[in-house]
$ cat my_file35.txt   # compact mmCIF, C-alpha atoms and all ligand atoms
# COMPACT_ATOMS: atom_id res chain seq x y z
CA MET A 1 72.77 -13.92 -11.19
CA GLN A 2 73.22 -14.97 -14.81
CA VAL A 3 75.30 -17.98 -13.87
CA VAL A 4 72.75 -19.03 -11.26
CA GLN A 5 69.91 -18.74 -13.76
CA GLU A 6 71.72 -20.72 -16.46
CA TYR A 7 72.82 -23.33 -13.99
CA VAL A 8 69.36 -23.87 -12.47
CA GLN A 9 67.76 -24.06 -15.90
CA ARG A 10 70.20 -26.82 -16.82
CA TRP A 11 69.49 -28.47 -13.49
CA TYR A 12 65.77 -28.58 -14.26
CA GLU A 13 66.38 -29.78 -17.82
CA SER A 14 68.45 -32.64 -16.43
CA GLY A 15 65.64 -33.65 -14.06
CA LEU A 16 67.90 -33.31 -11.03
CA GLU A 17 65.65 -31.10 -8.91
CA PRO A 18 63.71 -32.69 -6.05
CA ASP A 19 59.93 -33.03 -6.48
CA GLU A 20 58.22 -30.67 -4.08
CA TYR A 21 55.26 -31.73 -1.95
CA ILE A 22 53.20 -29.60 0.40
CA CYS A 23 51.55 -31.23 3.38
CA HIS A 24 48.00 -30.25 4.25
CA GLY A 25 47.50 -32.57 7.20
CA ARG A 26 48.43 -35.88 8.69
CA SER A 27 46.74 -38.69 10.54
CA GLY A 28 49.05 -41.48 11.67
CA ASN A 29 51.12 -42.32 8.63
CA LEU A 30 48.50 -41.06 6.20
CA VAL A 31 49.50 -37.68 4.83
CA ASP A 32 47.43 -35.35 2.70
CA ILE A 33 49.91 -33.85 0.22
CA GLU A 34 49.82 -31.50 -2.72
CA GLU A 35 52.31 -31.72 -5.56
CA ALA A 36 53.61 -28.15 -5.75
CA ALA A 37 54.19 -28.22 -9.52
CA THR A 38 50.68 -29.38 -10.45
CA GLY A 39 48.51 -28.61 -7.42
CA GLU A 40 47.38 -32.26 -7.47
CA ARG A 41 46.28 -33.56 -4.06
CA ARG A 42 46.44 -37.13 -2.80
CA GLN A 43 46.51 -39.05 0.44
CA VAL A 44 49.67 -41.11 0.77
CA LEU A 45 51.09 -43.63 3.19
CA THR A 46 54.43 -42.28 4.32
CA PHE A 47 57.63 -44.25 4.69
CA CYS A 48 59.84 -41.18 4.67
CA THR A 49 59.17 -39.38 7.91
CA ASN A 50 61.82 -39.19 10.62
CA ASP A 51 59.07 -39.08 13.25
CA VAL A 52 60.24 -42.54 14.14
CA LEU A 53 58.26 -43.01 17.34
CA GLY A 54 55.12 -41.35 15.99
CA LEU A 55 55.16 -38.72 18.73
CA VAL A 56 54.37 -35.62 16.66
CA GLN A 57 50.69 -36.48 17.00
CA ASN A 58 50.87 -37.73 20.57
CA PRO A 59 48.22 -35.85 22.60
CA ALA A 60 50.49 -35.35 25.66
CA VAL A 61 53.28 -33.94 23.47
CA GLN A 62 50.89 -31.61 21.66
CA GLN A 63 49.33 -30.49 24.95
CA ALA A 64 52.75 -29.74 26.45
CA ALA A 65 53.57 -27.50 23.47
CA ILE A 66 50.24 -25.68 23.77
CA ALA A 67 50.62 -25.21 27.54
CA SER A 68 54.12 -23.78 27.08
CA ILE A 69 52.82 -21.19 24.61
CA GLN A 70 50.17 -20.19 27.12
CA GLN A 71 52.79 -19.86 29.87
CA TYR A 72 55.70 -18.26 27.97
CA GLY A 73 54.39 -17.16 24.58
CA THR A 74 55.58 -18.51 21.25
CA SER A 75 59.19 -17.33 21.46
CA ASN A 76 61.81 -16.33 24.01
CA SER A 77 62.71 -13.45 21.69
CA SER A 78 66.39 -13.46 22.62
CA CYS A 79 69.39 -15.64 23.35
CA SER A 80 69.77 -17.13 26.81
CA VAL A 81 73.03 -15.39 27.71
CA LEU A 82 71.48 -11.96 27.20
CA SER A 83 67.92 -12.59 28.36
CA GLY A 84 67.99 -15.69 30.51
CA ARG A 85 66.58 -19.15 29.97
CA ILE A 86 63.14 -20.51 30.60
CA ASP A 87 62.65 -23.22 33.17
CA LEU A 88 61.73 -25.63 30.36
CA HIS A 89 65.29 -25.35 29.00
CA ARG A 90 66.69 -26.46 32.34
CA GLN A 91 64.17 -29.29 32.61
CA LEU A 92 64.99 -30.49 29.10
CA GLU A 93 68.74 -30.39 29.75
CA ASN A 94 68.27 -32.38 32.96
CA GLU A 95 66.02 -34.90 31.22
CA ILE A 96 68.58 -35.48 28.44
CA SER A 97 71.42 -35.73 30.93
CA GLU A 98 69.61 -38.53 32.74
CA PHE A 99 68.55 -40.24 29.51
CA LYS A 100 72.11 -40.23 28.18
CA HIS A 101 73.95 -40.83 31.46
CA LEU A 102 75.99 -37.66 31.01
CA PRO A 103 75.37 -34.94 33.59
CA HIS A 104 76.06 -31.67 31.72
CA THR A 105 73.88 -30.77 28.74
CA GLN A 106 73.62 -27.62 26.62
CA LEU A 107 70.82 -26.92 24.12
CA PHE A 108 71.10 -25.56 20.57
CA LEU A 109 68.74 -24.72 17.74
CA ASN A 110 69.94 -27.61 15.61
CA ALA A 111 72.76 -30.08 15.05
CA TRP A 112 74.74 -27.84 12.72
CA MET A 113 74.93 -25.08 15.31
CA ALA A 114 75.65 -27.48 18.15
CA LEU A 115 78.67 -28.96 16.40
CA GLN A 116 80.01 -25.59 15.31
CA ALA A 117 79.72 -24.49 18.96
CA LEU A 118 81.59 -27.60 20.03
CA MET A 119 84.46 -26.79 17.66
CA ASP A 120 84.57 -23.19 18.94
CA ALA A 121 84.51 -24.36 22.53
CA PHE A 122 86.81 -27.36 22.33
CA CYS A 123 89.37 -26.28 19.74
CA HIS A 124 89.45 -22.55 20.48
CA LEU A 125 88.16 -22.33 24.07
CA ALA A 126 85.42 -19.96 22.85
CA ILE A 127 86.80 -16.68 24.25
CA PRO A 128 90.36 -15.59 25.02
CA VAL A 129 91.05 -15.16 28.74
CA PRO A 130 93.89 -12.77 29.66
CA GLY A 131 96.95 -14.63 30.86
CA PHE A 132 95.83 -18.09 29.63
CA GLN A 133 98.13 -19.51 26.98
CA HIS A 134 96.37 -22.02 24.73
CA THR A 135 99.14 -23.84 22.89
CA ARG A 136 97.95 -27.35 22.08
CA GLU A 137 96.84 -28.26 18.58
CA THR A 138 93.73 -30.37 17.96
CA LEU A 139 93.66 -33.46 15.76
CA ILE A 140 90.16 -34.43 14.56
CA LEU A 141 89.44 -37.87 13.10
CA SER A 142 86.12 -38.17 11.27
CA ASP A 143 84.36 -41.08 9.54
CA VAL A 144 84.31 -40.34 5.83
CA LEU A 145 80.52 -40.88 5.67
CA ASN A 146 79.66 -38.58 8.58
CA HIS A 147 76.65 -36.31 8.25
CA GLY A 148 77.02 -32.91 6.61
CA CYS A 149 76.70 -31.08 9.94
CA ILE A 150 79.85 -32.82 11.17
CA VAL A 151 81.69 -32.24 7.91
CA SER A 152 80.74 -28.57 7.99
CA ALA A 153 81.75 -28.10 11.62
CA ILE A 154 85.11 -29.81 11.28
CA THR A 155 85.86 -28.08 7.97
CA ASN A 156 85.34 -24.77 9.76
CA ALA A 157 87.06 -25.96 12.92
CA GLY A 158 90.26 -24.13 12.04
CA THR A 159 88.39 -20.89 12.45
CA ARG A 160 86.00 -19.77 15.11
CA SER A 161 82.55 -19.59 13.53
CA GLY A 162 84.03 -18.30 10.34
CA LYS A 163 86.59 -15.89 11.85
CA LEU A 164 90.29 -16.57 11.71
CA PHE A 165 91.97 -16.37 15.08
CA GLY A 166 95.72 -16.02 14.70
CA TYR A 167 96.36 -16.74 18.37
CA SER A 168 94.60 -20.08 18.37
CA PRO A 169 96.59 -23.27 17.82
CA ARG A 170 96.02 -25.22 14.62
CA VAL A 171 93.25 -27.74 14.08
CA ARG A 172 94.14 -30.67 11.82
CA VAL A 173 91.37 -32.81 10.34
CA ARG A 174 91.75 -36.31 8.90
CA ALA A 175 89.08 -38.66 7.58
CA TYR A 176 89.14 -42.40 8.18
CA ARG A 177 87.40 -45.01 6.02
CA HIS A 178 83.79 -45.74 6.82
CA CYS A 179 83.56 -47.72 10.09
CA ASP A 180 87.04 -49.08 9.35
CA MET A 181 88.70 -49.46 12.73
CA ASP A 182 92.04 -50.55 11.31
CA ASP A 183 92.10 -47.31 9.38
CA LEU A 184 91.15 -45.28 12.47
CA ALA A 185 93.93 -46.92 14.47
CA ARG A 186 96.40 -46.42 11.62
CA LYS A 187 95.51 -42.75 11.15
CA LEU A 188 95.70 -42.02 14.87
CA LYS A 189 99.15 -43.59 14.94
CA ARG A 190 100.25 -41.71 11.85
CA TYR A 191 98.91 -38.24 12.65
CA ALA A 192 98.76 -37.88 16.45
CA ARG A 193 101.62 -35.85 17.88
CA PRO A 194 102.59 -36.02 21.55
CA ASP A 195 100.92 -32.78 22.64
CA ASP A 196 97.77 -33.07 20.49
CA ARG A 197 94.25 -32.90 21.85
CA ILE A 198 92.45 -35.70 20.02
CA LEU A 199 88.79 -35.70 19.01
CA VAL A 200 87.12 -38.55 17.13
CA VAL A 201 83.65 -37.88 15.75
CA SER A 202 81.09 -40.18 14.17
CA ASP A 203 77.43 -40.57 13.34
CA ALA A 204 76.08 -43.22 15.72
CA VAL A 205 73.63 -44.32 13.01
CA PHE A 206 74.67 -43.23 9.53
CA SER A 207 71.84 -41.25 8.04
CA MET A 208 72.20 -42.47 4.46
CA ASP A 209 73.48 -46.01 5.07
CA GLY A 210 71.47 -46.97 8.15
CA ASP A 211 74.43 -48.74 9.76
CA ILE A 212 75.85 -48.35 13.27
CA ALA A 213 79.28 -47.07 14.30
CA PRO A 214 81.43 -49.78 15.95
CA LEU A 215 81.48 -48.00 19.30
CA PRO A 216 83.20 -50.66 21.48
CA ASP A 217 86.07 -50.93 18.98
CA MET A 218 86.37 -47.16 18.82
CA ILE A 219 86.67 -47.02 22.60
CA GLU A 220 89.28 -49.76 22.57
CA ILE A 221 91.40 -47.98 19.96
CA MET A 222 91.07 -44.58 21.60
CA SER A 223 92.03 -45.92 25.02
CA ALA A 224 95.65 -45.69 23.84
CA TYR A 225 95.18 -41.90 23.78
CA PRO A 226 94.28 -40.73 27.31
CA ASP A 227 91.89 -37.75 27.54
CA SER A 228 90.89 -38.12 23.88
CA VAL A 229 87.31 -37.08 23.14
CA LEU A 230 84.72 -39.28 21.43
CA VAL A 231 81.76 -37.42 19.92
CA MET A 232 78.72 -39.52 18.96
CA ASP A 233 76.07 -37.83 16.82
CA GLU A 234 72.93 -39.65 17.99
CA ALA A 235 70.49 -37.95 15.60
CA HIS A 236 69.17 -41.30 14.37
CA ALA A 237 70.21 -43.36 17.41
CA SER A 238 68.22 -41.64 20.17
CA GLY A 239 64.85 -43.26 20.67
CA ALA A 240 65.75 -45.91 18.11
CA LEU A 241 68.72 -47.91 19.43
CA GLY A 242 68.87 -49.86 22.68
CA ALA A 243 66.04 -51.59 24.54
CA THR A 244 64.81 -48.29 26.02
CA GLY A 245 65.91 -45.98 23.20
CA ARG A 246 68.86 -44.42 24.99
CA GLY A 247 71.03 -44.83 21.93
CA ILE A 248 74.26 -46.41 20.80
CA TYR A 249 75.78 -47.07 24.24
CA GLU A 250 72.69 -49.00 25.31
CA HIS A 251 72.68 -50.83 21.96
CA PHE A 252 76.13 -52.23 22.78
CA GLY A 253 75.22 -52.92 26.42
CA ILE A 254 77.52 -50.24 27.85
CA THR A 255 77.22 -46.68 29.18
CA PRO A 256 79.41 -43.61 28.69
CA GLN A 257 81.08 -44.66 31.96
CA THR A 258 82.76 -47.47 29.96
CA ALA A 259 84.53 -44.83 27.88
CA LEU A 260 85.38 -42.79 30.97
CA ASP A 261 86.85 -45.88 32.63
CA LYS A 262 89.20 -46.19 29.64
CA GLY A 263 90.34 -42.59 29.98
CA ILE A 264 88.17 -41.30 27.10
CA VAL A 265 85.81 -38.34 27.35
CA PRO A 266 82.44 -39.31 25.81
CA LEU A 267 80.30 -36.54 24.32
CA ILE A 268 76.85 -37.17 22.88
CA MET A 269 74.86 -34.99 20.54
CA THR A 270 71.12 -35.62 20.79
CA THR A 271 68.74 -34.09 18.28
CA PHE A 272 64.99 -33.67 18.72
CA SER A 273 63.86 -33.69 15.09
CA LYS A 274 63.60 -37.45 14.80
CA PHE A 275 62.53 -39.27 17.95
CA ALA A 276 61.45 -36.26 19.99
CA ALA A 277 58.72 -34.72 17.80
CA SER A 278 60.43 -31.36 17.72
CA ALA A 279 63.59 -29.57 16.56
CA GLY A 280 66.84 -28.65 18.25
CA ALA A 281 69.95 -30.36 19.52
CA ALA A 282 71.90 -30.89 22.72
CA ILE A 283 75.47 -31.71 23.60
CA SER A 284 75.93 -33.77 26.76
CA SER A 285 79.24 -34.18 28.51
CA PRO A 286 80.76 -35.48 31.73
CA VAL A 287 82.81 -32.28 32.06
CA PRO A 288 81.06 -29.32 33.74
CA GLU A 289 83.57 -26.80 32.37
CA LEU A 290 82.57 -27.47 28.74
CA LYS A 291 79.05 -26.12 29.22
CA PRO A 292 79.87 -22.44 29.88
CA LEU A 293 82.11 -22.45 26.80
CA LEU A 294 79.30 -23.90 24.67
CA ASN A 295 76.99 -21.30 26.13
CA VAL A 296 79.12 -18.36 24.91
CA SER A 297 79.90 -19.72 21.45
CA PRO A 298 78.61 -17.53 18.60
CA THR A 299 75.99 -20.13 17.71
CA SER A 300 74.55 -19.77 21.24
CA ILE A 301 75.07 -16.10 21.89
CA GLY A 302 74.34 -14.88 18.38
CA THR A 303 70.92 -16.43 17.99
CA ILE A 304 67.58 -17.16 19.56
CA SER A 305 67.20 -19.81 22.29
CA LEU A 306 64.90 -22.81 21.67
CA PRO A 307 61.30 -21.50 21.54
CA PRO A 308 58.93 -22.72 24.30
CA PRO A 309 56.72 -25.09 22.23
CA ILE A 310 59.78 -26.69 20.62
CA THR A 311 61.38 -27.19 24.02
CA ALA A 312 58.18 -28.47 25.61
CA ALA A 313 57.49 -30.95 22.80
CA ALA A 314 61.01 -32.38 23.05
CA LEU A 315 60.80 -32.57 26.85
CA GLU A 316 57.46 -34.36 26.86
CA SER A 317 58.63 -36.71 24.08
CA ILE A 318 61.63 -37.86 26.09
CA ARG A 319 59.37 -38.35 29.11
CA GLN A 320 57.02 -40.43 26.95
CA VAL A 321 59.90 -42.61 25.77
CA ARG A 322 61.15 -43.08 29.31
CA GLN A 323 57.67 -43.96 30.63
CA ASN A 324 56.74 -46.10 27.66
CA PRO A 325 59.82 -47.83 26.18
CA ASN A 326 57.58 -50.30 24.34
CA ILE A 327 57.22 -47.69 21.54
CA VAL A 328 60.95 -48.15 20.93
CA GLN A 329 60.45 -51.90 20.80
CA ARG A 330 57.59 -51.44 18.31
CA LEU A 331 59.91 -49.40 16.11
CA GLN A 332 62.58 -52.09 16.32
CA GLU A 333 60.06 -54.84 15.58
CA ASN A 334 58.79 -52.93 12.54
CA THR A 335 62.36 -52.43 11.39
CA ARG A 336 63.05 -56.16 11.58
CA TYR A 337 59.82 -56.96 9.75
CA LEU A 338 60.44 -54.41 7.00
CA ARG A 339 64.02 -55.54 6.47
CA SER A 340 63.07 -59.21 6.39
CA ARG A 341 60.30 -58.59 3.84
CA LEU A 342 62.70 -56.60 1.61
CA ILE A 343 65.28 -59.36 1.71
CA GLU A 344 62.61 -61.96 1.03
CA HIS A 345 61.83 -60.09 -2.19
CA ASP A 346 65.46 -59.66 -3.25
CA PHE A 347 65.79 -55.97 -2.57
CA GLU A 348 69.29 -54.86 -1.62
CA ALA A 349 68.55 -53.28 1.76
CA ILE A 350 71.74 -52.16 3.49
CA GLY A 351 72.44 -51.19 7.11
CA GLU A 352 70.63 -52.52 10.16
CA THR A 353 68.44 -49.75 11.61
CA ASN A 354 65.04 -48.16 10.93
CA VAL A 355 66.80 -46.07 8.27
CA VAL A 356 66.53 -48.53 5.41
CA PRO A 357 68.43 -47.65 2.23
CA VAL A 358 67.54 -49.82 -0.76
CA LEU A 359 70.11 -49.84 -3.53
CA LEU A 360 68.75 -50.13 -7.05
CA PRO A 361 70.54 -51.29 -10.20
CA GLN A 362 72.47 -48.50 -11.90
CA GLU A 363 70.02 -48.32 -14.78
CA ILE A 364 67.10 -47.55 -12.49
CA ASN A 365 66.60 -43.93 -11.55
CA PRO A 366 65.47 -43.79 -7.90
CA LYS A 367 63.62 -40.55 -8.53
CA VAL A 368 61.48 -42.21 -11.21
CA PHE A 369 61.00 -45.27 -9.00
CA ALA A 370 59.79 -43.19 -6.05
CA ARG A 371 57.64 -41.03 -8.29
CA LYS A 372 55.86 -44.06 -9.67
CA MET A 373 55.26 -45.26 -6.13
CA ILE A 374 53.66 -42.02 -5.10
CA VAL A 375 51.70 -41.19 -8.25
CA GLU A 376 50.50 -44.68 -9.13
CA HIS A 377 50.25 -46.25 -5.66
CA ASN A 378 50.11 -43.47 -3.05
CA ILE A 379 53.17 -44.69 -1.18
CA TRP A 380 55.79 -42.12 -0.21
CA VAL A 381 59.48 -43.03 0.07
CA SER A 382 62.50 -40.75 -0.41
CA PRO A 383 64.58 -41.10 -3.56
CA ILE A 384 68.23 -40.19 -3.07
CA TRP A 385 70.18 -39.26 -6.15
CA PHE A 386 72.47 -36.38 -5.24
CA ILE A 387 73.50 -36.38 -1.54
CA ALA A 388 74.67 -40.00 -1.55
CA LYS A 389 74.92 -42.87 -4.02
CA PRO A 390 71.52 -43.36 -5.71
CA ARG A 391 69.05 -45.31 -3.61
CA LEU A 392 65.59 -45.35 -2.11
CA ARG A 393 65.58 -44.32 1.52
CA ILE A 394 62.78 -45.87 3.53
CA THR A 395 62.17 -45.16 7.19
CA ALA A 396 60.18 -47.50 9.40
CA ASN A 397 58.39 -45.98 12.36
CA ALA A 398 56.57 -47.23 15.44
CA LEU A 399 53.12 -46.50 13.98
CA HIS A 400 53.46 -48.66 10.88
CA THR A 401 51.40 -51.84 10.82
CA HIS A 402 52.52 -55.09 9.21
CA GLU A 403 49.72 -54.63 6.67
CA GLU A 404 51.14 -51.23 5.71
CA ILE A 405 54.62 -52.70 5.39
CA ASP A 406 53.23 -55.52 3.24
CA ARG A 407 51.55 -52.91 1.03
CA LEU A 408 54.86 -51.06 0.64
CA ILE A 409 56.62 -54.25 -0.39
CA SER A 410 53.96 -55.25 -2.86
CA VAL A 411 54.09 -51.80 -4.49
CA MET A 412 57.89 -51.89 -4.65
CA VAL A 413 57.74 -55.29 -6.34
CA GLU A 414 55.18 -54.02 -8.83
CA VAL A 415 57.12 -50.85 -9.68
CA ARG A 416 60.33 -52.83 -9.96
CA LYS A 417 58.66 -55.19 -12.41
CA SER A 418 57.42 -52.39 -14.61
CA MET A 419 60.71 -50.49 -14.56
CA TYR A 420 63.10 -53.40 -14.85
CA LYS A 421 61.20 -54.75 -17.81
CA ALA A 422 61.93 -51.57 -19.69
CA ALA A 423 65.43 -50.86 -18.41
CA LEU A 424 67.09 -54.20 -17.78
CA LYS A 425 65.82 -56.64 -20.35
CA PRO A 426 67.36 -59.11 -20.98
CA ALA A 427 69.94 -58.78 -18.17
CA LEU A 428 67.41 -59.83 -15.56
CA ASP A 429 64.69 -62.40 -15.76
CA VAL A 430 61.81 -60.23 -14.56
CA SER A 431 59.39 -63.15 -14.58
CA SER A 432 61.15 -64.36 -11.43
CA LEU A 433 60.21 -61.15 -9.60
CA GLU A 434 56.72 -62.11 -8.59
CA ALA A 435 54.31 -59.67 -7.02
CA VAL A 436 53.41 -60.40 -3.41
C1 LIG B 1 73.47 -37.99 11.62
C2 LIG B 1 72.73 -36.69 11.60
N1 LIG B 1 73.18 -35.65 12.31
C3 LIG B 1 72.54 -34.48 12.33
C4 LIG B 1 71.39 -34.26 11.63
C5 LIG B 1 70.72 -32.92 11.65
O1 LIG B 1 69.77 -32.93 12.65
P1 LIG B 1 68.76 -31.74 12.87
O2 LIG B 1 68.08 -31.49 11.58
O3 LIG B 1 67.84 -32.25 13.91
O4 LIG B 1 69.52 -30.57 13.35
C6 LIG B 1 70.86 -35.30 10.88
C7 LIG B 1 69.62 -35.07 10.11
O5 LIG B 1 69.20 -35.72 9.26
C8 LIG B 1 71.53 -36.54 10.87
O6 LIG B 1 71.06 -37.56 10.15
$ encode --input "my_file35.txt" --output "structure tokens"
Amino acid sequence: MQVVQEYVQRWYESGLEPDEYICHGRSGNLVDIEEAATGERRQVLTFCTNDVLGLVQNPAVQQAAIASIQQYGTSNSSCSVLSGRIDLHRQLENEISEFKHLPHTQLFLNAWMALQALMDAFCHLAIPVPGFQHTRETLILSDVLNHGCIVSAITNAGTRSGKLFGYSPRVRVRAYRHCDMDDLARKLKRYARPDDRILVVSDAVFSMDGDIAPLPDMIEIMSAYPDSVLVMDEAHASGALGATGRGIYEHFGITPQTALDKGIVPLIMTTFSKFAASAGAAISSPVPELKPLLNVSPTSIGTISLPPPITAAALESIRQVRQNPNIVQRLQENTRYLRSRLIEHDFEAIGETNVVPVLLPQEINPKVFARKMIVEHNIWVSPIWFIAKPRLRITANALHTHEEIDRLISVMVEVRKSMYKAALKPALDVSSLEAV
């Protein structure tokens, strides 16, 4: 432990550790938080929650979770293969299948486990069956900025949930440049061998850059490789993209059938931690045979199934979105308003979705910027300084009002003025950065 202790001490001395806040309650976007280090309490306006549709406090969603506890208890206390599923699991799978236009859906505890299960199932066929010879290698192409759960799953894809299986054919992984379709086409051409099974995987909305994968171009390029598989991680796309929140296919005015028509197998991973007021993930597919393999992967069989209140909250949330798509439109309208106000005030907001990264000049430490916002102005945004290039990460949600967004902007302008004065003089004429 000596190395760990020395390392963490240095980490603290360098100011690299995240500030820790403890939530004591929430009403709309007002959150009562305690700073763990000092015990100081304050009420802040949050722009860092992933509860993008504001459903965690929706009475119907909360009631569904409570009713499920009364019917089933708080946990299923086992995995579904050994102890069966609850009816809510089946209902949730059916609801997602309809929402995503893909008929076969399997649930998981989270995105990391879902994608590991997919690698086990797709690359290694999950369990050896006597007499079946699996000989074909897998080639995986992955966007270089994909989320950590994808990176982890594909890095471990050569094994089966951490175990080496000598009998299983090789899995080869290549990264392509971020959203660069020429590079994807080039790498497919360079690395695909005649007998390969090809899988291309991408965030639909990139969680740190807030931009959208070029899905139609991906389909076009992959159509040269019949039976190739296209995995879209819709963690930030579900409930946020498309007129009714169905995700990236709806955003581009197509459905997974478009991919199928081009000979591509579309898979979608939905997660419930953002739009669906819950936790957990699902993989949806047009292929019925994939589901039993996902069901016996170690990340299904070796762990608990989704607890009843988690399942019920996700199920009711999707029903709310389907009944009431105007919450999606509110989110999109708030996103447009927030982005336009940032641009108006010369902030470098990148991407195009409700995940709004704001790049700051190199000299400005995003952690200090965000800390000033919270301590001096009671506005909460996420500073990013170690999992991606330094930035502020702001998330718009459906509950924000224009007045709240205006308040955020005015605070950002004020903090920028105070920090840039100290850090950037005379490189920037701060007098031109007027407060709003
Ligand atoms: C693109 C992407 N995929 C997966 C995840 C993980 O989702 P979850 O925490 O719901 O399992 C995230 C979470 O931030 C994400 O942004």
$ residues_near_point --input "my_file35.txt" --point "(82.9, -22.4, 20.4)" --cutoff "8 Å" --atoms "all atoms listed in the file" --output "MDAnalysis selection string"
chainID A and resid 116:127 160:161 293:294 296:299
$ atom_distance --input "my_file35.txt" --atom1 "CA of Val44 (chain A)" --atom2 "CA of Arg416 (chain A)"
19.1 Å
$ atom_distance --input "my_file35.txt" --atom1 "CA of Ile327 (chain A)" --atom2 "CA of Gly210 (chain A)"
19.6 Å
$ closest_atom_pairs --input "my_file35.txt" --of "chain A" --to "ligand LIG 1 (chain B)" --cutoff "10 Å" --atoms "only C-alpha atoms and all ligand atoms" --output "Markdown table"
| residue | atom | partner | partner_atom | distance |
| --- | --- | --- | --- | --- |
| A:Asn50 | CA | B:LIG1 | O5 | 8.3 |
| A:Phe108 | CA | B:LIG1 | O4 | 8.9 |
| A:Leu109 | CA | B:LIG1 | O4 | 7.4 |
| A:Asn110 | CA | B:LIG1 | O4 | 3.7 |
| A:Ala111 | CA | B:LIG1 | O4 | 3.7 |
| A:Trp112 | CA | B:LIG1 | O4 | 5.9 |
| A:Met113 | CA | B:LIG1 | O4 | 8.0 |
| A:Ala114 | CA | B:LIG1 | O4 | 8.4 |
| A:Leu115 | CA | B:LIG1 | C3 | 9.2 |
| A:Leu145 | CA | B:LIG1 | C1 | 9.7 |
| A:Asn146 | CA | B:LIG1 | C1 | 6.9 |
| A:His147 | CA | B:LIG1 | C1 | 4.9 |
| A:Gly148 | CA | B:LIG1 | N1 | 7.4 |
| A:Cys149 | CA | B:LIG1 | C3 | 5.9 |
| A:Ile150 | CA | B:LIG1 | N1 | 7.3 |
| A:Ser202 | CA | B:LIG1 | C1 | 8.3 |
| A:Asp203 | CA | B:LIG1 | C1 | 5.0 |
| A:Ala204 | CA | B:LIG1 | C1 | 7.1 |
| A:Val205 | CA | B:LIG1 | C1 | 6.5 |
| A:Phe206 | CA | B:LIG1 | C1 | 5.8 |
| A:Ser207 | CA | B:LIG1 | O6 | 4.3 |
| A:Met208 | CA | B:LIG1 | O6 | 7.6 |
| A:Gly210 | CA | B:LIG1 | O6 | 9.6 |
| A:Met232 | CA | B:LIG1 | C1 | 9.2 |
| A:Asp233 | CA | B:LIG1 | N1 | 5.8 |
| A:Glu234 | CA | B:LIG1 | C1 | 6.6 |
| A:Ala235 | CA | B:LIG1 | C2 | 4.8 |
| A:His236 | CA | B:LIG1 | O6 | 5.9 |
| A:Ala237 | CA | B:LIG1 | C1 | 8.5 |
| A:Met269 | CA | B:LIG1 | N1 | 8.4 |
| A:Thr270 | CA | B:LIG1 | O3 | 8.3 |
| A:Thr271 | CA | B:LIG1 | O3 | 4.8 |
| A:Phe272 | CA | B:LIG1 | O3 | 5.8 |
| A:Ser273 | CA | B:LIG1 | O3 | 4.4 |
| A:Lys274 | CA | B:LIG1 | O3 | 6.8 |
| A:Phe275 | CA | B:LIG1 | O3 | 9.7 |
| A:Ala276 | CA | B:LIG1 | O3 | 9.7 |
| A:Ser278 | CA | B:LIG1 | O3 | 8.4 |
| A:Ala279 | CA | B:LIG1 | O3 | 5.7 |
| A:Gly280 | CA | B:LIG1 | O3 | 5.7 |
| A:Ala281 | CA | B:LIG1 | O4 | 6.2 |
| A:Ala282 | CA | B:LIG1 | O4 | 9.7 |
| A:Val355 | CA | B:LIG1 | O6 | 9.7 |
$ write_last_selection --input "my_file35.txt" --atoms "C-alpha atoms" --output "short mmCIF file (atom, residue, chain, number, x, y, z; two decimals), in the frame of the given file"
data_model
loop_
_atom_site.label_atom_id
_atom_site.label_comp_id
_atom_site.auth_asym_id
_atom_site.auth_seq_id
_atom_site.Cartn_x
_atom_site.Cartn_y
_atom_site.Cartn_z
CA ASN A 50 61.82 -39.19 10.62
CA PHE A 108 71.10 -25.56 20.57
CA LEU A 109 68.74 -24.72 17.74
CA ASN A 110 69.94 -27.61 15.61
CA ALA A 111 72.76 -30.08 15.05
CA TRP A 112 74.74 -27.84 12.72
CA MET A 113 74.93 -25.08 15.31
CA ALA A 114 75.65 -27.48 18.15
CA LEU A 115 78.67 -28.96 16.40
CA LEU A 145 80.52 -40.88 5.67
CA ASN A 146 79.66 -38.58 8.58
CA HIS A 147 76.65 -36.31 8.25
CA GLY A 148 77.02 -32.91 6.61
CA CYS A 149 76.70 -31.08 9.94
CA ILE A 150 79.85 -32.82 11.17
CA SER A 202 81.09 -40.18 14.17
CA ASP A 203 77.43 -40.57 13.34
CA ALA A 204 76.08 -43.22 15.72
CA VAL A 205 73.63 -44.32 13.01
CA PHE A 206 74.67 -43.23 9.53
CA SER A 207 71.84 -41.25 8.04
CA MET A 208 72.20 -42.47 4.46
CA GLY A 210 71.47 -46.97 8.15
CA MET A 232 78.72 -39.52 18.96
CA ASP A 233 76.07 -37.83 16.82
CA GLU A 234 72.93 -39.65 17.99
CA ALA A 235 70.49 -37.95 15.60
CA HIS A 236 69.17 -41.30 14.37
CA ALA A 237 70.21 -43.36 17.41
CA MET A 269 74.86 -34.99 20.54
CA THR A 270 71.12 -35.62 20.79
CA THR A 271 68.74 -34.09 18.28
CA PHE A 272 64.99 -33.67 18.72
CA SER A 273 63.86 -33.69 15.09
CA LYS A 274 63.60 -37.45 14.80
CA PHE A 275 62.53 -39.27 17.95
CA ALA A 276 61.45 -36.26 19.99
CA SER A 278 60.43 -31.36 17.72
CA ALA A 279 63.59 -29.57 16.56
CA GLY A 280 66.84 -28.65 18.25
CA ALA A 281 69.95 -30.36 19.52
CA ALA A 282 71.90 -30.89 22.72
CA VAL A 355 66.80 -46.07 8.27
#
